[in-house]
Amino acid sequence: MFGRLNSVQISRIRNFSALVQSKALVNGNWIDSSNNDTFDVTNPVNGKKIGSVPNMTVQDAQNAINAAKQAYESKEWRSLTAKDRSNLLKKWHKLIEQHSQQIAEIMTAESGKPINESKGEVLYGNSFVEWFAEEARRIYGEIVPSPVANREIIVMKQPIGVAALITPWNFPLAMITRKAGAALAAGCTVVIKPAEDTPLTALAVAKLAEDAGIPKGVINVVTTNKAAPIGDLFCKSPDVRGISFTGSTQVGKLLFRNAADGIKRVCLELGGNAPFIVFDSANVEKAVDGAMSSKFRNCGQTCVSANRFFVQAGIYDKFVALLKQRVEALKIGDGQSSDIQIGPLINKMQYDKVSGFVEDARSKKAQIVVGGTGLPELGALFYAPTVVTDVPPTAQLYTEEVFGPVVSIIKFKDEAEALQKANDTNRGLAGYFFSENLQQVFRVAKRLEVGMVGVNEGLISAAEAPFGGVKESGVGREGSHHGIDDYVDIKYICMGNLKYD
Ligand SMILES: NC(=O)c1ccc[n+]([C@@H]2O[C@H](COP(=O)([O-])OP(=O)(O)OC[C@H]3O[C@@H](n4cnc5c(N)ncnc54)[C@H](O)[C@@H]3O)[C@@H](O)[C@H]2O)c1
C-alpha cells in the first residue's frame, strides 16, 4: 500500500476546484446517490449556490456501513501496525496542511466563517490528526499482577469496529478530525455524516485522506439532507459499534435513546449554556478580551461560546462600557475579506432563533445596549453583534443557548450568588471566570458544574486537552489521550496453567 505513495504524490497540491467534490465517498468510490437526488450547498452571505452533493438514501448509508465493515476486516487495514496507522495519519495531516488555504476558502464559502477563522480552524482541526497520529502508538495495555499462581492477567485495548460520526456545521473540519483521527488511530473504520450546510469541507478532507493512502472503505462520507432515517440506521445497525455525535442536545438525546437497543458506544458533544463570570477582582481589560474571543468567534455559533455573562456590581459599569466599545468596532460582512470579524448566521433557522431570543428578552424588560437588529443591508442572515443587560432568568437568552452574536449580562452581588446562577442550568459544557484572587480561582473552578473551565481565558480548546461536558451537555471526551477511549474495547486475557519452574 505504501508503495503507491511517493514524495511527489504527497506534495502534490490540489487546486481549489479539485478539492470541491460533488459526489460522496463510499468504499473508495466517488458516487452519486442511488436515486440520483442531490441537494445544493449555498453561501450564507448571499444565498448563492456554490455546489451540490448527493442526497444519499438509507440504502446508500447501509452500503457505506458495509464498506466500513469490510474495510475493518480487510487485511489492508487489520494488518497495519499502530506505527503504520500513525504514518497514514501523518500523511493526511501533511496534505491538510499543504491545502489549508483551499480548505479554508471552501469552509468560508459554505459556512460564512471569516477567512482568518477558517484558517484557524484548519490549523486547529488538523492538530487532532497530528495528535492522534502520535497517540496511535501509545494505546497501551497492562500486565496486572495475578492473585493466582501460574497465571498472568493481560489487558489489551482493541478497536471497537465501525464508528458512525455525525458532525455539525459550526466546525466543518475540526469536528470530523477530532472524531475520525481518534477512530483511525485506534484501528476503527468510519462512516461520516457531515452537516447538510457544510458537506464540501468534509468531502475535501476525505479526498485528501484518499490521497494520503488511507485504504478504501476506511473513511466513507454520506451526504444527505435527510439525517433522521440515516441516524436511525446508525443506531440500529449491528455493524455500527459506536456513534459519535456533535450537535444539538435534542438530537443527542434521540441518538442516545435509539442506540440503547444495540448497547452501542456513544460519545455526545451537545449544546452548552456557558456562564462567563467577571468578579470584582478581575483585570477588566483581560475579561473583555476573553469575552470577545469566547462570544464572537464564528459569530457566537460555537458550543463553548459564553452564553450568560454574570458581572459583579463593583466592576459592572466599567465592563459593560468597555465591552460596548469593542462590540461597536467589530467589522461585519462577507468573511472572504481578511478584515472581516463577523459573518452571517448559518441559516434562516438560526437567524430566527437569535432574533426571537432578543425580542423575547426585550419584551421582558431587558435593555439593549448595542445591536439588537438584523442587518438586511448586508444580507438576510446577518445579525448585529448585540449586548443586552438586565436579562431576567425567565428570558430565553438566560435559559437556552443562543448560538449567535449576543452577549447577555446579569449583575450579581457575591460569589455564592454567581455560582448559584452559573450552575442553574441543565447544561454543563464550558464555563469561564475572571478573577485575580487565587483562593477564589480554586474555589470557583472546583464548584462550576461544567466539563471545561477557562480561568482568565476565553479560548480553551486544544488537541492535548479533554473536550466534553457534564449534565445534558454530553458524555465522553474528545481530544487528549482520553479521546481514544470511545473507540477501543478493553479485553482481559487470562493466561492460565503457566509453568515457571
Ligand atoms: N455542540 C455543538 O457543537 C453544536 C453544533 C451545532 C449545533 N448545536 C446546537 O444545535 C442547535 C441546532 O443546530 P443544528 O440544527 O445544526 O443541530 P443538529 O443537532 O440538528 O445537527 C447536527 C448534526 O446532526 C444531524 N442530525 C439532525 N437530526 C438528526 C437525526 N435525527 N439523526 C441523526 N442526525 C441528525 C445534522 O444533519 C447534523 O449533521 C444549535 O442552535 C445549537 O444550539 C450545537
# chains A, B, ... in the order shown; residues from 1 in each chain; ligands from 1
$ select_by_dssp --residues "stretch 258-418 of chain A" --states "alpha helix (DSSP H)" --output "number ranges by chain"
A: 258-260, 284-296, 313-328, 348-363, 396-399, 415-418
$ residues_near_ligand --ligand "ligand 1" --cutoff "7 Å" --atoms "only C-alpha atoms and all ligand atoms" --output "ChimeraX atom specification"
/A:166-170,193-196,225,227-232,246-252,254-255,269-272,302-303,350,401-403
$ residues_around --residues "A:Glu478" --least-positions-apart "2" --cutoff "7 Å" --atoms "only C-alpha atoms" --output "list in words"
Arg178, Pro466, Phe467, Gly468, Gly476, Ser480, His482 and Gly483 of chain A
$ closest_residue --among "A:Thr81, A:Gln336, A:Thr177, A:Thr386" --to "A:Glu359" --atoms "only C-alpha atoms"
A:Thr386
$ atom_distance --atom1 "atom CA of A:Glu134" --atom2 "atom CA of A:Leu25"
26.3 Å
$ residues_around --residues "A:Val370" --least-positions-apart "4" --cutoff "8 Å" --atoms "only C-alpha atoms" --output "list in words"
Lys324, Val327, Glu328, Pro385, Thr386, Val387 and Val388 of chain A
$ write_last_selection --atoms "N, CA and C atoms" --output "compact mmCIF listing (two decimals), in the first residue's frame"
# COMPACT_ATOMS: atom_id res chain seq x y z
N LYS A 324 -18.97 47.37 25.21
CA LYS A 324 -19.77 48.08 24.19
C LYS A 324 -18.85 48.67 23.11
N VAL A 327 -17.50 45.92 20.90
CA VAL A 327 -18.53 45.31 20.04
C VAL A 327 -18.86 46.27 18.89
N GLU A 328 -18.93 47.56 19.19
CA GLU A 328 -19.24 48.53 18.13
C GLU A 328 -18.15 48.56 17.06
N PRO A 385 -23.92 42.31 16.07
CA PRO A 385 -23.38 41.94 17.39
C PRO A 385 -24.11 42.76 18.44
N THR A 386 -24.57 42.07 19.47
CA THR A 386 -25.54 42.67 20.38
C THR A 386 -25.12 42.50 21.84
N VAL A 387 -25.36 43.53 22.64
CA VAL A 387 -25.17 43.41 24.09
C VAL A 387 -26.50 43.74 24.76
N VAL A 388 -26.95 42.82 25.61
CA VAL A 388 -28.22 43.01 26.32
C VAL A 388 -27.93 42.93 27.82
$ select_by_dssp --residues "stretch 92-285 of chain A" --states "strand (DSSP E)" --output "PyMOL selection string"
chain A and resi 142-144+152-159+162-166+189-193+219-221+240-246+265-269+274-278
$ write_last_selection --atoms "N, CA and C atoms" --output "CSV table (one decimal), in the first residue's frame"
chain,number,residue,atom,x,y,z
A,142,GLU,N,-2.0,-3.5,29.7
A,142,GLU,CA,-1.5,-3.7,31.0
A,142,GLU,C,-1.1,-5.1,31.3
A,143,ILE,N,-0.1,-5.4,32.1
A,143,ILE,CA,0.0,-6.7,32.6
A,143,ILE,C,-0.1,-6.5,34.1
A,144,VAL,N,-1.1,-7.2,34.7
A,144,VAL,CA,-1.5,-6.9,36.1
A,144,VAL,C,-1.1,-8.1,37.0
A,152,GLU,N,-1.3,-15.3,34.4
A,152,GLU,CA,-1.0,-13.9,34.1
A,152,GLU,C,-2.3,-13.2,33.7
A,153,ILE,N,-2.4,-12.0,34.1
A,153,ILE,CA,-3.6,-11.1,33.7
A,153,ILE,C,-3.1,-10.1,32.7
A,154,ILE,N,-3.6,-10.3,31.5
A,154,ILE,CA,-3.2,-9.3,30.4
A,154,ILE,C,-4.4,-8.5,30.0
A,155,VAL,N,-4.2,-7.2,29.9
A,155,VAL,CA,-5.3,-6.4,29.4
A,155,VAL,C,-4.8,-5.7,28.2
A,156,MET,N,-5.7,-5.8,27.1
A,156,MET,CA,-5.3,-5.1,25.9
A,156,MET,C,-6.5,-4.2,25.4
A,157,LYS,N,-6.2,-3.3,24.6
A,157,LYS,CA,-7.2,-2.4,24.0
A,157,LYS,C,-7.3,-2.7,22.5
A,158,GLN,N,-8.6,-3.0,22.1
A,158,GLN,CA,-8.8,-3.3,20.7
A,158,GLN,C,-9.8,-2.3,20.1
A,159,PRO,N,-9.7,-2.1,18.8
A,159,PRO,CA,-10.7,-1.2,18.2
A,159,PRO,C,-12.1,-1.7,18.3
A,162,VAL,N,-16.7,-0.6,13.5
A,162,VAL,CA,-17.2,0.6,12.6
A,162,VAL,C,-17.7,1.7,13.6
A,163,ALA,N,-17.3,2.9,13.3
A,163,ALA,CA,-17.9,4.0,14.1
A,163,ALA,C,-18.6,5.0,13.1
A,164,ALA,N,-19.8,5.4,13.5
A,164,ALA,CA,-20.6,6.4,12.8
A,164,ALA,C,-20.3,7.8,13.4
A,165,LEU,N,-20.0,8.7,12.6
A,165,LEU,CA,-19.6,10.1,13.1
A,165,LEU,C,-20.6,11.1,12.5
A,166,ILE,N,-21.3,11.7,13.3
A,166,ILE,CA,-22.3,12.7,12.8
A,166,ILE,C,-21.8,14.1,13.3
A,189,THR,N,-12.8,1.8,11.6
A,189,THR,CA,-13.2,2.4,10.3
A,189,THR,C,-14.4,3.3,10.5
A,190,VAL,N,-14.7,4.2,9.6
A,190,VAL,CA,-15.7,5.2,9.9
A,190,VAL,C,-16.7,5.5,8.7
A,191,VAL,N,-17.9,5.8,9.1
A,191,VAL,CA,-18.9,6.4,8.2
A,191,VAL,C,-19.2,7.8,8.7
A,192,ILE,N,-18.9,8.8,8.0
A,192,ILE,CA,-19.1,10.2,8.4
A,192,ILE,C,-20.4,10.7,7.8
A,193,LYS,N,-21.2,11.3,8.6
A,193,LYS,CA,-22.4,12.1,8.0
A,193,LYS,C,-22.2,13.5,8.4
A,219,ILE,N,-12.6,5.3,5.4
A,219,ILE,CA,-13.3,6.6,5.6
A,219,ILE,C,-14.4,6.6,4.5
A,220,ASN,N,-15.7,6.7,4.9
A,220,ASN,CA,-16.8,6.8,4.0
A,220,ASN,C,-17.5,8.1,4.4
A,221,VAL,N,-18.0,8.8,3.4
A,221,VAL,CA,-18.7,10.1,3.7
A,221,VAL,C,-20.1,10.0,3.0
A,240,VAL,N,-22.6,-1.2,13.3
A,240,VAL,CA,-22.0,0.0,13.8
A,240,VAL,C,-21.8,-0.2,15.3
A,241,ARG,N,-20.6,-0.1,15.8
A,241,ARG,CA,-20.4,-0.4,17.2
A,241,ARG,C,-20.3,0.9,18.0
A,242,GLY,N,-20.1,2.0,17.4
A,242,GLY,CA,-20.1,3.3,18.2
A,242,GLY,C,-20.6,4.4,17.4
A,243,ILE,N,-21.2,5.4,18.1
A,243,ILE,CA,-21.7,6.6,17.4
A,243,ILE,C,-21.1,7.8,18.2
A,244,SER,N,-20.5,8.7,17.4
A,244,SER,CA,-20.0,9.9,18.0
A,244,SER,C,-20.7,11.1,17.3
A,245,PHE,N,-21.3,11.9,18.2
A,245,PHE,CA,-22.2,13.0,17.6
A,245,PHE,C,-21.9,14.3,18.3
A,246,THR,N,-21.8,15.3,17.5
A,246,THR,CA,-21.7,16.7,18.0
A,246,THR,C,-22.8,17.5,17.4
A,265,ARG,N,-21.5,2.0,21.9
A,265,ARG,CA,-20.6,3.1,22.5
A,265,ARG,C,-21.2,4.4,22.0
A,266,VAL,N,-21.4,5.4,22.8
A,266,VAL,CA,-22.0,6.6,22.4
A,266,VAL,C,-21.1,7.8,23.0
A,267,CYS,N,-20.7,8.7,22.1
A,267,CYS,CA,-20.0,9.9,22.6
A,267,CYS,C,-20.8,11.1,22.1
A,268,LEU,N,-21.2,11.9,23.0
A,268,LEU,CA,-22.1,13.0,22.7
A,268,LEU,C,-21.4,14.3,23.1
A,269,GLU,N,-21.3,15.2,22.2
A,269,GLU,CA,-20.8,16.6,22.5
A,269,GLU,C,-22.0,17.5,22.1
A,274,ALA,N,-23.0,28.3,28.6
A,274,ALA,CA,-21.8,28.6,29.3
A,274,ALA,C,-21.9,29.9,30.1
A,275,PRO,N,-21.6,29.8,31.4
A,275,PRO,CA,-21.5,31.0,32.2
A,275,PRO,C,-20.2,31.7,32.0
A,276,PHE,N,-20.1,33.0,32.1
A,276,PHE,CA,-18.9,33.8,32.0
A,276,PHE,C,-19.0,34.8,33.1
A,277,ILE,N,-18.2,34.5,34.2
A,277,ILE,CA,-18.3,35.3,35.4
A,277,ILE,C,-17.1,36.3,35.5
A,278,VAL,N,-17.5,37.6,35.8
A,278,VAL,CA,-16.4,38.5,36.0
A,278,VAL,C,-16.5,39.0,37.4
$ closest_residue --among "A:Ser111, A:Asn456, A:Gln62, A:Thr394" --to "A:Val222" --atoms "only C-alpha atoms"
A:Gln62
$ residues_around --residues "A:Ala174" --least-positions-apart "3" --cutoff "10 Å" --atoms "only C-alpha atoms" --output "JSON, numbers by chain"
{"A": [121, 122, 123, 124, 125, 126, 127, 128, 129, 167, 168, 170, 171, 177, 178, 179, 180, 181, 202]}
$ atom_distance --atom1 "atom CA of A:Ile214" --atom2 "atom CA of A:Gln101"
22.3 Å
$ residues_around --residues "A:Val45" --least-positions-apart "5" --cutoff "12 Å" --atoms "only C-alpha atoms" --output "list of chain:residue names"
A:Ile50, A:Thr108, A:Ala109, A:Glu110, A:Ser111, A:Gly112, A:Lys113, A:Pro114, A:Ile332, A:Gly333, A:Asp334, A:Gly335, A:Gln336, A:Ile342, A:Gly343, A:Pro344, A:Leu345, A:Ile346, A:Asn347, A:Lys348, A:Leu375, A:Pro376, A:Glu377, A:Leu378, A:Gly379, A:Ala380, A:Leu381, A:Phe382, A:Tyr383
$ residues_around --residues "A:Asp280" --least-positions-apart "4" --cutoff "12 Å" --atoms "only C-alpha atoms" --output "list in words"
Val284, Ala287, Phe310, Val311, Gln312, Ala313, Gly314, Ile315, Tyr316, Asp317, Lys318, Phe319, Lys411, Phe412, Lys413, Asp414, Glu415, Ala418, Phe433, Phe434, Ser435, Glu436, Asn437 and Gln440 of chain A
$ atom_distance --atom1 "atom CA of A:Ile106" --atom2 "atom CA of A:Ala463"
22.9 Å
$ closest_residue --among "A:Lys226, A:Ala18, A:Pro172, A:Ile13" --to "A:Asp37" --atoms "only C-alpha atoms"
A:Lys226
